[in-house]
file protein.csv (CSV, C-alpha atoms)
chain,number,residue,atom,x,y,z
A,1,MET,CA,0.0,0.0,0.0
A,2,LYS,CA,1.3,3.4,-1.0
A,3,LYS,CA,1.9,5.9,1.8
A,4,GLN,CA,-0.3,9.0,1.6
A,5,LYS,CA,0.1,12.3,3.3
A,6,ILE,CA,-3.0,13.6,5.0
A,7,GLU,CA,-3.3,17.2,6.1
A,8,VAL,CA,-5.7,17.7,9.1
A,9,ILE,CA,-6.9,21.2,10.0
A,10,VAL,CA,-8.3,21.5,13.5
A,11,ASN,CA,-10.3,24.5,14.4
A,12,ILE,CA,-10.1,25.1,18.1
A,13,PRO,CA,-12.0,28.1,19.4
A,14,ASP,CA,-10.1,30.6,21.4
A,15,GLU,CA,-10.8,30.9,25.2
A,16,GLU,CA,-13.1,33.9,24.9
A,17,TYR,CA,-15.3,32.2,22.2
A,18,ALA,CA,-15.5,29.0,24.2
A,19,SER,CA,-16.3,30.9,27.3
A,20,ASN,CA,-19.1,32.7,25.5
A,21,LEU,CA,-20.5,29.4,24.2
A,22,MET,CA,-20.5,28.0,27.8
A,23,ALA,CA,-22.2,31.2,29.2
A,24,ASP,CA,-24.9,31.0,26.5
A,25,ALA,CA,-25.5,27.3,27.3
A,26,ILE,CA,-25.8,27.9,31.0
A,27,ALA,CA,-28.1,30.9,30.5
A,28,SER,CA,-30.3,28.9,28.2
A,29,LEU,CA,-30.6,26.2,30.9
A,30,ILE,CA,-31.4,28.7,33.6
A,31,ILE,CA,-34.0,30.4,31.5
A,32,ASP,CA,-35.7,27.1,30.7
A,33,ARG,CA,-35.8,26.1,34.4
A,34,ILE,CA,-37.1,29.4,35.8
A,35,SER,CA,-39.6,30.3,32.9
A,36,LYS,CA,-42.4,28.4,34.7
A,37,TYR,CA,-42.4,30.9,37.5
A,38,ASP,CA,-44.0,34.4,37.5
A,39,VAL,CA,-41.8,37.4,36.7
A,40,LYS,CA,-41.3,38.5,40.3
A,41,VAL,CA,-39.9,35.0,41.2
A,42,GLN,CA,-37.7,35.0,38.1
A,43,GLU,CA,-36.2,38.3,39.1
A,44,SER,CA,-35.6,37.1,42.6
A,45,ILE,CA,-33.9,33.9,41.3
A,46,LEU,CA,-31.7,35.8,38.8
A,47,LYS,CA,-30.7,38.4,41.5
A,48,GLU,CA,-29.6,35.6,43.8
A,49,LEU,CA,-27.7,33.9,41.0
A,50,THR,CA,-25.8,37.0,40.0
A,51,LYS,CA,-25.1,37.9,43.6
A,52,GLU,CA,-23.5,34.4,44.1
A,53,SER,CA,-21.5,34.6,40.9
A,54,TYR,CA,-19.9,37.8,42.0
A,55,GLN,CA,-18.9,36.3,45.4
A,56,ALA,CA,-17.3,33.3,43.8
call {"tool": "encode", "arguments": {"input": "protein.csv", "output": "structure tokens"}}
result
Amino acid sequence: MKKQKIEVIVNIPDEEYASNLMADAIASLIIDRISKYDVKVQESILKELTKESYQA
């Protein structure tokens, strides 16, 4: 069998792009989970989540 040269190009996202994708995925999950509550409860949940994220 004849040897062949194969060129492989791998597209790896930079850290900022990957971080944005992760943030979008997490935000989507949170929105799906809290959408069943009324607006006041949603605001309260989001306020608690943002407060915790700044403390971490």
call {"tool": "atom_distance", "arguments": {"input": "protein.csv", "atom1": "CA of Leu49 in chain A", "atom2": "CA of Asn20 in chain A"}}
result
17.8 Å
call {"tool": "atom_distance", "arguments": {"input": "protein.csv", "atom1": "CA of Ile31 in chain A", "atom2": "CA of Glu16 in chain A"}}
result
22.2 Å
call {"tool": "atom_distance", "arguments": {"input": "protein.csv", "atom1": "CA of Ile30 in chain A", "atom2": "CA of Ser44 in chain A"}}
result
13.0 Å
call {"tool": "build_atoms", "arguments": {"input": "protein.csv", "residues": "range 29-43 of chain A", "atoms": "N, CA and C atoms", "output": "PDB file, in the frame of the given file"}}
result
ATOM      1  N   LEU A  29     -30.112  27.135  29.908  1.00  0.00           N
ATOM      2  CA  LEU A  29     -30.600  26.200  30.900  1.00  0.00           C
ATOM      3  C   LEU A  29     -31.348  26.870  32.033  1.00  0.00           C
ATOM      4  N   ILE A  30     -30.777  27.959  32.516  1.00  0.00           N
ATOM      5  CA  ILE A  30     -31.400  28.700  33.600  1.00  0.00           C
ATOM      6  C   ILE A  30     -32.746  29.262  33.184  1.00  0.00           C
ATOM      7  N   ILE A  31     -32.786  29.860  32.007  1.00  0.00           N
ATOM      8  CA  ILE A  31     -34.000  30.400  31.500  1.00  0.00           C
ATOM      9  C   ILE A  31     -35.106  29.355  31.354  1.00  0.00           C
ATOM     10  N   ASP A  32     -34.710  28.191  30.838  1.00  0.00           N
ATOM     11  CA  ASP A  32     -35.700  27.100  30.700  1.00  0.00           C
ATOM     12  C   ASP A  32     -36.223  26.656  32.065  1.00  0.00           C
ATOM     13  N   ARG A  33     -35.351  26.617  33.060  1.00  0.00           N
ATOM     14  CA  ARG A  33     -35.800  26.100  34.400  1.00  0.00           C
ATOM     15  C   ARG A  33     -36.661  27.140  35.120  1.00  0.00           C
ATOM     16  N   ILE A  34     -36.388  28.450  34.967  1.00  0.00           N
ATOM     17  CA  ILE A  34     -37.100  29.400  35.800  1.00  0.00           C
ATOM     18  C   ILE A  34     -38.334  30.016  35.006  1.00  0.00           C
ATOM     19  N   SER A  35     -38.484  29.679  33.735  1.00  0.00           N
ATOM     20  CA  SER A  35     -39.600  30.300  32.900  1.00  0.00           C
ATOM     21  C   SER A  35     -40.962  29.884  33.421  1.00  0.00           C
ATOM     22  N   LYS A  36     -41.046  28.815  34.219  1.00  0.00           N
ATOM     23  CA  LYS A  36     -42.400  28.400  34.700  1.00  0.00           C
ATOM     24  C   LYS A  36     -42.871  29.248  35.856  1.00  0.00           C
ATOM     25  N   TYR A  37     -41.992  30.073  36.427  1.00  0.00           N
ATOM     26  CA  TYR A  37     -42.400  30.900  37.500  1.00  0.00           C
ATOM     27  C   TYR A  37     -42.837  32.308  37.030  1.00  0.00           C
ATOM     28  N   ASP A  38     -43.559  33.046  37.876  1.00  0.00           N
ATOM     29  CA  ASP A  38     -44.000  34.400  37.500  1.00  0.00           C
ATOM     30  C   ASP A  38     -42.753  35.330  37.470  1.00  0.00           C
ATOM     31  N   VAL A  39     -42.917  36.502  36.915  1.00  0.00           N
ATOM     32  CA  VAL A  39     -41.800  37.400  36.700  1.00  0.00           C
ATOM     33  C   VAL A  39     -41.112  37.827  37.980  1.00  0.00           C
ATOM     34  N   LYS A  40     -41.864  38.079  39.038  1.00  0.00           N
ATOM     35  CA  LYS A  40     -41.300  38.500  40.300  1.00  0.00           C
ATOM     36  C   LYS A  40     -40.335  37.399  40.864  1.00  0.00           C
ATOM     37  N   VAL A  41     -40.762  36.155  40.771  1.00  0.00           N
ATOM     38  CA  VAL A  41     -39.900  35.000  41.200  1.00  0.00           C
ATOM     39  C   VAL A  41     -38.703  34.896  40.359  1.00  0.00           C
ATOM     40  N   GLN A  42     -38.872  35.051  39.053  1.00  0.00           N
ATOM     41  CA  GLN A  42     -37.700  35.000  38.100  1.00  0.00           C
ATOM     42  C   GLN A  42     -36.697  36.040  38.466  1.00  0.00           C
ATOM     43  N   GLU A  43     -37.150  37.263  38.714  1.00  0.00           N
ATOM     44  CA  GLU A  43     -36.200  38.300  39.100  1.00  0.00           C
ATOM     45  C   GLU A  43     -35.484  38.026  40.347  1.00  0.00           C
TER      46      GLU A  43
END
